[in-house]
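With compact mmCIF, C-alpha atoms inside, this is target_34.txt:
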```txt
# COMPACT_ATOMS: atom_id res chain seq x y z
CA MET A 1 0.00 0.00 0.00
CA ASN A 2 1.23 3.49 -0.85
CA LEU A 3 0.85 5.60 2.27
CA ARG A 4 0.26 9.34 2.21
CA PRO A 5 3.05 11.02 4.25
CA LEU A 6 2.02 13.56 6.89
CA SER A 7 4.44 15.54 9.03
CA ILE A 8 3.06 16.20 12.51
CA GLY A 9 4.78 18.33 15.13
CA TYR A 10 4.58 17.49 18.81
CA MET A 11 6.01 18.31 22.22
CA PRO A 12 7.44 15.46 24.35
CA LEU A 13 4.50 15.16 26.74
CA LEU A 14 2.25 12.35 27.81
CA ASP A 15 -0.67 13.91 25.94
CA ALA A 16 1.15 13.44 22.62
CA ALA A 17 0.37 9.75 23.13
CA PRO A 18 -2.49 9.52 20.59
CA LEU A 19 -0.17 10.59 17.77
CA ILE A 20 2.60 8.22 18.84
CA VAL A 21 0.18 5.32 19.28
CA ALA A 22 -1.50 5.99 15.92
CA LYS A 23 1.90 5.72 14.26
CA GLU A 24 3.35 2.82 16.23
CA LEU A 25 0.25 0.59 16.37
CA GLY A 26 -0.73 1.07 12.74
CA PHE A 27 -3.93 3.11 13.09
CA ALA A 28 -2.49 5.76 10.75
CA ALA A 29 -1.42 3.14 8.20
CA GLU A 30 -4.91 1.63 8.23
CA GLU A 31 -6.18 5.03 7.06
CA GLY A 32 -3.52 5.15 4.33
CA LEU A 33 -1.29 7.60 6.19
CA ALA A 34 2.37 7.57 7.22
CA PHE A 35 3.03 9.85 10.20
CA ASP A 36 6.39 11.60 10.43
CA LEU A 37 6.38 12.87 14.02
CA VAL A 38 8.67 15.85 14.53
CA PRO A 39 9.57 16.97 18.10
CA ALA A 40 9.50 20.73 18.68
CA PRO A 41 11.72 22.70 21.10
CA SER A 42 8.86 24.93 22.31
CA TRP A 43 5.17 25.64 21.84
CA SER A 44 5.91 28.87 20.00
CA ALA A 45 8.12 27.00 17.53
CA LEU A 46 5.43 24.36 17.04
CA ARG A 47 2.77 27.01 16.37
CA ASP A 48 5.05 28.75 13.89
CA TRP A 49 5.84 25.48 12.09
CA LEU A 50 2.15 24.82 11.60
CA GLU A 51 1.31 28.35 10.51
CA LEU A 52 4.18 28.39 8.01
CA GLY A 53 3.33 24.93 6.65
CA THR A 54 6.54 23.31 7.88
CA VAL A 55 4.35 20.56 9.35
CA ASP A 56 0.92 19.40 8.16
CA ALA A 57 -0.66 19.10 11.62
CA ALA A 58 0.32 19.53 15.24
CA HIS A 59 -0.21 18.45 18.83
CA MET A 60 -1.26 21.84 20.14
CA LEU A 61 -2.37 23.75 23.23
CA ALA A 62 -6.15 24.15 23.06
CA PRO A 63 -6.17 27.98 23.30
CA VAL A 64 -3.64 28.58 20.47
CA PRO A 65 -6.08 28.54 17.50
CA VAL A 66 -8.50 30.72 19.49
CA ALA A 67 -5.80 33.23 20.43
CA GLY A 68 -4.77 33.45 16.79
CA ALA A 69 -8.36 34.12 15.72
CA LEU A 70 -8.46 37.02 18.21
CA GLY A 71 -5.23 38.48 16.82
CA LEU A 72 -3.19 37.45 19.86
CA GLY A 73 0.11 35.99 18.64
CA GLY A 74 1.09 34.08 15.55
CA SER A 75 1.29 35.07 11.90
CA GLY A 76 -2.44 35.25 11.30
CA ALA A 77 -2.82 31.91 9.52
CA ALA A 78 -6.15 30.38 10.57
CA LEU A 79 -5.76 27.21 12.65
CA SER A 80 -8.50 24.82 13.76
CA ALA A 81 -8.94 22.12 16.38
CA VAL A 82 -10.27 19.07 14.52
CA SER A 83 -10.22 16.77 17.55
CA VAL A 84 -9.22 16.89 21.20
CA LEU A 85 -6.15 14.80 22.06
CA SER A 86 -6.47 14.93 25.84
CA ILE A 87 -8.57 16.16 28.73
CA ASN A 88 -6.76 17.39 31.85
CA GLY A 89 -3.26 15.94 32.43
CA THR A 90 -1.75 19.03 34.05
CA VAL A 91 -0.39 19.38 37.57
CA ILE A 92 0.39 22.38 39.75
CA GLY A 93 3.57 22.19 41.76
CA VAL A 94 5.41 24.43 44.21
CA SER A 95 8.98 24.90 45.36
CA ARG A 96 10.07 22.96 48.40
CA SER A 97 10.46 26.15 50.42
CA ILE A 98 6.88 27.25 49.72
CA ALA A 99 5.63 23.71 50.39
CA HIS A 100 7.39 23.84 53.75
CA ARG A 101 5.73 27.16 54.64
CA MET A 102 2.33 25.81 53.55
CA ARG A 103 2.74 22.78 55.82
CA GLU A 104 3.80 24.98 58.72
CA ASP A 105 0.57 26.93 58.19
CA GLY A 106 -1.43 23.71 58.38
CA HIS A 107 -2.12 22.83 54.74
CA GLY A 108 -2.51 19.08 54.34
CA PHE A 109 -1.75 18.69 50.61
CA ASP A 110 -4.86 16.58 50.02
CA PHE A 111 -4.38 17.10 46.26
CA SER A 112 -8.08 17.74 45.64
CA ASP A 113 -9.38 20.94 47.28
CA ALA A 114 -8.51 23.78 44.90
CA SER A 115 -9.95 26.47 47.17
CA ALA A 116 -7.95 25.43 50.22
CA ALA A 117 -4.79 24.86 48.19
CA GLY A 118 -5.06 28.24 46.48
CA ARG A 119 -5.59 30.15 49.71
CA ALA A 120 -2.68 28.33 51.34
CA LEU A 121 -0.42 29.09 48.37
CA ILE A 122 -1.36 32.78 48.39
CA ALA A 123 -0.71 33.00 52.14
CA ALA A 124 2.67 31.26 51.92
CA SER A 125 4.04 33.21 48.95
CA ARG A 126 5.46 36.69 48.63
CA PRO A 127 4.04 38.94 45.89
CA PRO A 128 4.27 38.71 43.03
CA LEU A 129 3.66 34.96 42.92
CA ARG A 130 5.80 33.67 40.04
CA ILE A 131 4.21 30.72 38.25
CA GLY A 132 5.81 28.91 35.34
CA VAL A 133 3.56 27.94 32.43
CA PRO A 134 4.56 26.46 29.07
CA PHE A 135 2.98 29.22 26.93
CA PRO A 136 0.95 32.41 27.40
CA PHE A 137 -1.97 31.00 25.39
CA SER A 138 -2.47 27.67 27.10
CA MET A 139 -4.96 25.93 29.34
CA HIS A 140 -2.23 26.09 32.00
CA SER A 141 -2.43 29.88 31.94
CA GLU A 142 -6.23 29.92 31.80
CA LEU A 143 -6.58 27.55 34.74
CA VAL A 144 -4.07 29.49 36.86
CA PHE A 145 -5.72 32.85 36.12
CA TYR A 146 -9.20 31.46 36.74
CA TRP A 147 -8.20 29.73 39.98
CA LEU A 148 -6.16 32.40 41.71
CA THR A 149 -8.10 35.48 40.63
CA ALA A 150 -11.32 33.77 41.79
CA LEU A 151 -9.64 33.43 45.20
CA GLY A 152 -8.80 37.13 45.32
CA LEU A 153 -5.23 37.34 43.99
CA PRO A 154 -5.15 40.30 41.57
CA ALA A 155 -3.36 39.90 38.25
CA PRO A 156 -1.01 41.24 37.03
CA GLN A 157 -0.21 43.10 40.26
CA ASN A 158 0.42 40.01 42.43
CA LEU A 159 0.51 37.21 39.86
CA ALA A 160 3.35 36.87 37.36
CA LEU A 161 3.23 34.07 34.78
CA ARG A 162 6.59 33.09 33.29
CA THR A 163 6.86 31.12 30.04
CA ILE A 164 9.11 28.05 30.39
CA PRO A 165 9.31 25.00 28.08
CA PRO A 166 7.93 21.91 29.88
CA PRO A 167 11.24 19.97 30.00
CA LEU A 168 12.90 22.94 31.74
CA MET A 169 10.25 23.46 34.45
CA ALA A 170 12.12 21.45 37.08
CA GLU A 171 15.32 23.38 36.40
CA ALA A 172 13.48 26.70 36.69
CA ILE A 173 12.02 25.90 40.09
CA GLU A 174 15.38 24.57 41.31
CA ALA A 175 17.06 27.82 40.19
CA ASP A 176 14.44 29.89 42.08
CA GLU A 177 13.25 31.50 38.84
CA ILE A 178 9.66 30.56 39.75
CA ASP A 179 7.75 29.79 42.94
CA ALA A 180 5.29 27.36 41.37
CA PHE A 181 4.33 25.84 38.02
CA CYS A 182 1.46 24.45 36.04
CA VAL A 183 2.67 21.91 33.49
CA GLY A 184 1.60 18.78 31.66
CA GLU A 185 2.79 15.43 32.84
CA PRO A 186 5.37 13.93 33.10
CA TRP A 187 7.25 17.17 33.79
CA GLY A 188 5.59 17.86 37.13
CA SER A 189 6.54 14.38 38.30
CA LYS A 190 10.05 15.02 37.00
CA ALA A 191 10.41 17.95 39.44
CA VAL A 192 9.39 15.61 42.26
CA GLU A 193 11.75 12.91 41.02
CA ASN A 194 14.61 15.44 40.93
CA GLY A 195 13.83 16.47 44.53
CA VAL A 196 13.23 20.13 43.66
CA GLY A 197 9.45 20.49 43.88
CA GLU A 198 6.21 19.13 45.32
CA LEU A 199 2.82 18.70 43.67
CA LEU A 200 -0.08 20.72 45.05
CA LEU A 201 -3.04 19.99 42.75
CA PRO A 202 -4.05 18.32 39.51
CA GLY A 203 -5.46 20.73 36.95
CA ALA A 204 -8.65 18.64 37.10
CA ALA A 205 -9.28 20.03 40.60
CA ILE A 206 -9.83 23.48 39.02
CA TRP A 207 -11.90 22.37 36.01
CA ALA A 208 -12.86 18.71 36.08
CA PHE A 209 -12.98 18.23 32.30
CA ALA A 210 -10.80 20.84 30.61
CA PRO A 211 -9.66 20.39 26.98
CA GLU A 212 -5.88 20.34 27.28
CA LYS A 213 -4.34 19.46 23.91
CA ILE A 214 -5.90 19.40 20.45
CA LEU A 215 -5.04 18.13 17.00
CA ALA A 216 -4.55 21.34 15.01
CA VAL A 217 -4.43 21.92 11.28
CA ARG A 218 -4.51 24.96 9.02
CA ASP A 219 -7.88 25.90 7.58
CA ASP A 220 -6.51 26.11 4.07
CA ARG A 221 -5.28 22.52 4.40
CA ILE A 222 -8.81 21.43 5.31
CA GLU A 223 -10.17 23.20 2.23
CA ARG A 224 -7.45 21.82 -0.04
CA ASP A 225 -7.33 18.22 1.18
CA ARG A 226 -10.37 17.52 3.33
CA ASP A 227 -10.27 13.74 2.80
CA THR A 228 -6.75 13.46 4.23
CA ILE A 229 -7.75 15.51 7.28
CA LEU A 230 -10.77 13.25 7.88
CA ARG A 231 -8.52 10.19 7.72
CA LEU A 232 -6.09 11.89 10.09
CA VAL A 233 -8.87 12.50 12.61
CA ARG A 234 -10.14 8.90 12.41
CA SER A 235 -6.70 7.41 12.92
CA VAL A 236 -5.96 9.58 15.95
CA VAL A 237 -9.38 9.01 17.54
CA ARG A 238 -8.80 5.24 17.22
CA ALA A 239 -5.53 5.73 19.12
CA ASN A 240 -7.41 7.71 21.78
CA GLU A 241 -9.87 4.83 22.12
CA TRP A 242 -7.01 2.36 22.57
CA LEU A 243 -5.41 4.59 25.20
CA GLY A 244 -8.74 4.83 27.02
CA ASP A 245 -8.79 1.08 27.66
CA PRO A 246 -7.20 0.39 31.08
CA VAL A 247 -5.70 -2.80 29.65
CA SER A 248 -3.50 -0.65 27.38
CA ARG A 249 -1.96 1.42 30.17
CA LEU A 250 1.26 -0.45 30.86
CA MET A 251 1.98 -1.09 27.19
CA ALA A 252 1.37 2.60 26.47
CA ALA A 253 3.75 3.70 29.25
CA ASP A 254 6.47 1.38 27.95
CA LEU A 255 5.96 2.62 24.39
CA LEU A 256 6.07 6.31 25.31
CA ALA A 257 9.11 5.80 27.54
CA ARG A 258 11.31 4.82 24.58
CA ARG A 259 14.29 7.01 23.73
CA GLU A 260 12.76 8.15 20.42
CA TRP A 261 9.64 9.46 22.15
CA LEU A 262 9.66 10.83 25.72
CA ASP A 263 12.88 9.12 26.90
CA LEU A 264 11.73 8.84 30.51
CA PRO A 265 11.21 5.93 32.91
CA GLY A 266 7.94 4.15 32.22
CA GLU A 267 7.15 4.25 35.94
CA ILE A 268 6.93 8.07 35.87
CA LEU A 269 4.57 7.96 32.88
CA ASP A 270 2.43 5.29 34.51
CA ARG A 271 1.84 7.56 37.51
CA ALA A 272 -0.18 9.98 35.42
CA MET A 273 -1.89 7.30 33.35
CA SER A 274 -3.01 5.43 36.47
CA GLY A 275 -3.70 8.57 38.52
CA ARG A 276 -1.43 7.34 41.33
CA MET A 277 0.74 10.39 41.83
CA THR A 278 3.82 10.77 44.01
CA ILE A 279 3.51 14.35 45.24
CA ARG A 280 6.80 14.83 47.13
CA PRO A 281 10.31 13.37 47.04
CA GLU A 282 9.73 11.60 50.36
CA GLY A 283 7.21 9.37 48.59
CA ASP A 284 3.75 10.62 49.64
CA THR A 285 1.15 9.46 47.11
CA ARG A 286 -2.36 10.57 46.10
CA SER A 287 -4.95 8.98 43.83
CA VAL A 288 -6.61 10.99 41.04
CA PRO A 289 -8.77 8.72 38.86
CA ALA A 290 -9.33 11.34 36.14
CA LEU A 291 -5.88 12.93 36.09
CA ILE A 292 -5.83 12.56 32.29
CA GLU A 293 -8.55 11.36 29.94
CA PHE A 294 -8.07 10.18 26.38
CA GLN A 295 -11.43 8.69 25.46
CA ARG A 296 -14.14 8.58 28.15
CA GLY A 297 -17.18 10.84 27.86
CA ALA A 298 -16.68 12.25 24.35
CA ALA A 299 -13.18 13.34 25.38
CA THR A 300 -12.06 13.70 21.75
CA PHE A 301 -15.03 15.82 20.63
CA PRO A 302 -14.18 19.51 19.95
CA TRP A 303 -17.07 21.26 21.68
CA ARG A 304 -17.67 24.72 20.25
CA SER A 305 -18.61 25.93 23.73
CA GLN A 306 -15.08 25.16 24.93
CA GLY A 307 -13.64 27.32 22.15
CA GLU A 308 -16.00 30.07 23.28
CA TRP A 309 -14.98 29.70 26.95
CA ILE A 310 -11.35 30.18 25.99
CA ALA A 311 -12.17 33.15 23.75
CA ARG A 312 -14.21 34.96 26.35
CA ARG A 313 -11.53 34.44 29.02
CA LEU A 314 -8.89 35.90 26.70
CA ALA A 315 -11.16 38.73 25.58
CA GLY A 316 -11.92 39.71 29.15
CA ARG A 317 -8.23 40.11 29.96
CA VAL A 318 -7.27 42.17 26.91
CA GLY A 319 -10.45 44.20 26.47
CA LEU A 320 -11.96 42.68 23.32
CA ASN A 321 -15.67 42.59 22.51
CA ALA A 322 -17.13 39.49 24.17
CA THR A 323 -19.70 38.63 21.49
CA ASP A 324 -17.24 38.96 18.61
CA ALA A 325 -14.63 36.95 20.52
CA ALA A 326 -17.21 34.25 21.28
CA ARG A 327 -18.06 33.92 17.58
CA ARG A 328 -14.41 33.74 16.55
CA GLY A 329 -13.42 31.32 19.30
CA ARG A 330 -16.21 28.79 18.82
CA ALA A 331 -15.46 28.67 15.07
CA ARG A 332 -11.95 27.35 15.82
CA PHE A 333 -13.30 24.14 17.42
CA ARG A 334 -14.41 22.23 14.31
CA SER A 335 -17.09 19.86 15.49
CA ASP A 336 -18.28 19.76 11.86
CA ILE A 337 -15.01 18.23 10.68
CA TYR A 338 -15.02 15.75 13.56
CA ARG A 339 -18.59 14.70 12.76
CA ASP A 340 -17.73 14.16 9.09
CA ALA A 341 -14.67 12.10 10.01
CA MET A 342 -16.59 9.84 12.38
CA ALA A 343 -19.86 9.63 10.43
CA ASP A 344 -19.34 6.06 9.19
CA THR A 345 -17.87 4.72 12.43
CA ALA A 346 -19.44 3.35 15.62
CA ALA A 347 -18.67 6.58 17.52
CA ASP A 348 -21.62 7.80 19.59
CA LEU A 349 -21.57 11.50 18.70
CA PRO A 350 -23.20 14.14 20.92
CA GLY A 351 -26.53 15.45 19.71
CA ALA A 352 -25.32 19.06 20.05
CA SER A 353 -22.00 20.84 19.55
CA VAL A 354 -22.35 23.26 22.47
CA LYS A 355 -23.16 22.72 26.12
CA ILE A 356 -23.20 24.63 29.38
CA GLU A 357 -19.66 24.10 30.63
CA GLY A 358 -19.34 23.14 34.29
CA ALA A 359 -22.97 22.07 34.61
CA VAL A 360 -22.46 18.29 34.82
CA ALA A 361 -22.24 17.52 38.54
CA GLN A 362 -22.07 13.75 38.08
CA ASP A 363 -21.92 11.27 35.21
CA THR A 364 -24.99 12.06 33.10
CA ALA A 365 -26.58 10.48 30.02
CA VAL A 366 -27.14 12.97 27.19
CA ALA A 367 -28.73 12.94 23.74
CA SER A 368 -26.46 11.25 21.22
CA ARG A 369 -26.47 9.39 17.92
CA PHE A 370 -26.84 5.94 19.47
CA GLY A 371 -28.21 6.94 22.86
CA SER A 372 -25.35 5.58 24.95
CA LEU A 373 -23.21 8.68 25.59
CA ILE A 374 -22.50 9.57 29.22
CA LEU A 375 -20.76 12.85 30.00
CA PRO A 376 -18.52 12.84 33.09
CA ARG A 377 -18.50 15.48 35.80
CA ASP A 378 -17.10 18.73 34.39
CA ALA A 379 -17.47 21.11 37.35
CA PHE A 380 -15.41 24.23 38.00
CA PHE A 381 -13.89 24.37 41.49
CA ASP A 382 -15.94 27.41 42.54
CA GLY A 383 -19.28 26.01 41.42
CA SER A 384 -19.72 28.44 38.53
CA THR A 385 -21.04 27.50 35.09
CA PHE A 386 -20.40 28.93 31.63
CA GLU A 387 -23.32 29.38 29.26
CA PRO A 388 -22.42 30.08 25.62
CA LEU A 389 -23.63 33.36 24.17
CA LEU A 390 -24.50 31.62 20.91
CA ASN A 391 -26.42 28.39 20.44
CA ASP A 392 -25.82 27.18 16.89
```
How does this structure look as structure tokens?
Amino acid sequence: MNLRPLSIGYMPLLDAAPLIVAKELGFAAEEGLAFDLVPAPSWSALRDWLELGTVDAAHMLAPVPVAGALGLGGSGAALSAVSVLSINGTVIGVSRSIAHRMREDGHGFDFSDASAAGRALIAASRPPLRIGVPFPFSMHSELVFYWLTALGLPAPQNLALRTIPPPLMAEAIEADEIDAFCVGEPWGSKAVENGVGELLLPGAAIWAFAPEKILAVRDDRIERDRDTILRLVRSVVRANEWLGDPVSRLMAADLLARREWLDLPGEILDRAMSGRMTIRPEGDTRSVPALIEFQRGAATFPWRSQGEWIARRLAGRVGLNATDAARRGRARFRSDIYRDAMADTAADLPGASVKIEGAVAQDTAVASRFGSLILPRDAFFDGSTFEPLLND
């Protein structure tokens, strides 16, 4: 079989797993595609590669296409999310000195209560609180802003976000360049393994079902070669489904640990995949069943309401019109492309492409193509909900 080559950029993170699995286990080949996976040195480089056409698709931070549509960064080339690669998967960590002060003040590091953890962090830190994030337009940044400003920490006066590539986060906290970080696994666990940081919260404690990484392509590529993009989506979603099976977990960790991919001990990767996290160098552990999701509860579906949530958060910070931003942001999450790609498969697609974000308090059955779709809890830590301005 002659396979169609596709170059796909990625960052060496656990949530690049669907791309790696699609290549290694043959899901891409079954769709007539040959993935050439190209590691990037930073998220800005990866965005630029995609915008310039250096790569055909990319493992991307969910807010990047939305930020571009709002004129915030990038060259202006229109990018779209055609599927979601991962839900959650981030962790918030602190320096050992701040962790010590938090313990002295009585914080128990339960790894679940975002309100208590945030208040304890604010009390134990000296302004401005310096938090490392991988990119300005990232779910890491959005979660941190949402969390700490909701608890009364004003930004930018007392909250300084510093951009640091994920593999360098442990070095930055060791060098006292930052007080805390929000980063995708396995790089939070790497700071613990190196003895330089402790984990405070999973990102899922702030928003229980946040879209973390997406599969991004240029809009002009969709228009020029729609069939290839549909095959790309199908192959990656099949990899997501494989990753969502608990039986696959150990094999996936061993695969991702290889030198050519993440080049890290499989045991560190398995922590995040199993949700059994070691939160400090002394060995304390916590269990987080939904630390990262690849497949459960329509995890791969690009909800337009999530694009709108991102857009309205960004617009609020930089003073853009909320309604115009909502329209631009929701258009970047291409549920239409995803539906076309999965139309002839057994995927149980949601009956709508928007929903009230944060409104699912417990696993809930919703209208879907085959009537079997259950959406997991997606609550925000402060009990708020987000209702889209538009309802198409």
Between atom CA of Ala78 of chain A and atom CA of Asp219 of chain A - distance in Å to one decimal: 5.7 Å
Contact residues around Asp378 of chain A with all atoms listed in the file at 10 Å, ignoring same-chain residues under 5 positions, as a ChimeraX atom specification: /A:204,206-210,356-363,385
Shortest interatomic distance to Leu25 of chain A - which of A:Trp242, A:Phe135, A:Phe145, A:Phe109, counting only C-alpha atoms: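 With only C-alpha atoms as the atom set, the closest residue is A:Trp242.
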Minimum-distance residue to Gly195 of chain A, chosen among A:Ala45, A:Ala170, A:Ala40, A:Val55 (using only C-alpha atoms): A:Ala170
Spatial neighbours of Pro167 of chain A, 9 Å, only C-alpha atoms, chain gap at least 6 places, as a PyMOL selection string: chain A and resi 12-13+186-187+190
Would you mind exporting C-alpha atoms of the selected residues as a PDB file, in the frame of the given file?
```
ATOM      1  CA  PRO A  12       7.440  15.460  24.350  1.00  0.00           C
ATOM      2  CA  LEU A  13       4.500  15.160  26.740  1.00  0.00           C
ATOM      3  CA  PRO A 186       5.370  13.930  33.100  1.00  0.00           C
ATOM      4  CA  TRP A 187       7.250  17.170  33.790  1.00  0.00           C
ATOM      5  CA  LYS A 190      10.050  15.020  37.000  1.00  0.00           C
TER       6      LYS A 190
END
```
Please enclose the listed atoms of segment 99-118 of chain A in an axis-aligned box, pad each side by 5 Å, and write out the centre and the three edge lengths in Å, rounded to one decimal, as JSON.
```
{"center_x": -1.3, "center_y": 22.4, "center_z": 51.8, "size_x": 27.3, "size_y": 21.7, "size_z": 23.8}
```
Distance query 8 Å from (1.2, 16.6, 30.2) using only C-alpha atoms, result as a ChimeraX atom specification: /A:13-15,89-90,183-187
All residues 12 Å or closer to Gly71 of chain A, only C-alpha atoms, same chain fewer than 5 positions away omitted, as a PyMOL selection string: chain A and resi 64-66+76-78+137+311+314-315+318+320+325+328-329
Asp48 of chain A surroundings by only C-alpha atoms, 9 Å radius, close-in-sequence under 6 positions cut, as a ChimeraX atom specification: /A:54,74-75
Test item: which residues lie within 12 Å of (2.5, 17.4, 10.3) counting all atoms listed in the file, as a PyMOL selection string: chain A and resi 4-10+19+33-40+46-47+49-60+215-218+221+228-229+232
Residue contacts of Arg234 of chain A (9 Å, all atoms listed in the file) excluding same-chain residues fewer than 3 positions away, as a ChimeraX atom specification: /A:27-28,31,229-231,237-239,338,341-342,345
As a short mmCIF file (atom, residue, chain, number, x, y, z; two decimals), in the coordinates of the input, please: segment 352-360 of chain A completed to all heavy atoms.
```cif
data_model
loop_
_atom_site.label_atom_id
_atom_site.label_comp_id
_atom_site.auth_asym_id
_atom_site.auth_seq_id
_atom_site.Cartn_x
_atom_site.Cartn_y
_atom_site.Cartn_z
N ALA A 352 -25.58 17.63 20.23
CA ALA A 352 -25.32 19.06 20.05
C ALA A 352 -23.82 19.30 20.03
O ALA A 352 -23.03 18.42 20.40
CB ALA A 352 -25.95 19.86 21.19
N SER A 353 -23.43 20.50 19.59
CA SER A 353 -22.00 20.84 19.55
C SER A 353 -21.62 21.89 20.57
O SER A 353 -20.46 22.29 20.65
CB SER A 353 -21.62 21.32 18.14
OG SER A 353 -21.76 20.27 17.20
N VAL A 354 -22.62 22.36 21.35
CA VAL A 354 -22.35 23.26 22.47
C VAL A 354 -23.05 22.72 23.71
O VAL A 354 -24.01 21.96 23.61
CB VAL A 354 -22.85 24.70 22.19
CG1 VAL A 354 -22.14 25.30 20.99
CG2 VAL A 354 -24.36 24.73 22.00
N LYS A 355 -22.53 23.11 24.85
CA LYS A 355 -23.16 22.72 26.12
C LYS A 355 -22.82 23.77 27.17
O LYS A 355 -21.92 24.61 26.96
CB LYS A 355 -22.68 21.34 26.58
CG LYS A 355 -21.18 21.18 26.78
CD LYS A 355 -20.84 19.73 27.06
CE LYS A 355 -19.35 19.48 27.13
NZ LYS A 355 -18.72 19.96 28.37
N ILE A 356 -23.55 23.75 28.26
CA ILE A 356 -23.20 24.63 29.38
C ILE A 356 -22.02 24.00 30.10
O ILE A 356 -22.14 22.92 30.68
CB ILE A 356 -24.40 24.81 30.33
CG1 ILE A 356 -25.57 25.45 29.58
CG2 ILE A 356 -24.00 25.68 31.53
CD1 ILE A 356 -26.83 25.57 30.42
N GLU A 357 -20.87 24.65 30.03
CA GLU A 357 -19.66 24.10 30.63
C GLU A 357 -19.72 24.22 32.15
O GLU A 357 -20.12 25.26 32.69
CB GLU A 357 -18.41 24.82 30.10
CG GLU A 357 -18.24 24.73 28.59
CD GLU A 357 -17.95 23.32 28.10
OE1 GLU A 357 -17.47 22.50 28.91
OE2 GLU A 357 -18.19 23.03 26.91
N GLY A 358 -19.34 23.15 32.84
CA GLY A 358 -19.34 23.14 34.29
C GLY A 358 -20.65 22.72 34.92
O GLY A 358 -20.77 22.71 36.14
N ALA A 359 -21.64 22.36 34.08
CA ALA A 359 -22.97 22.07 34.61
C ALA A 359 -23.20 20.60 34.95
O ALA A 359 -24.21 20.28 35.57
CB ALA A 359 -24.03 22.51 33.60
N VAL A 360 -22.28 19.72 34.57
CA VAL A 360 -22.46 18.29 34.82
C VAL A 360 -21.85 17.96 36.18
O VAL A 360 -20.63 17.88 36.33
CB VAL A 360 -21.83 17.42 33.71
CG1 VAL A 360 -22.07 15.94 33.98
CG2 VAL A 360 -22.40 17.81 32.35
#
```
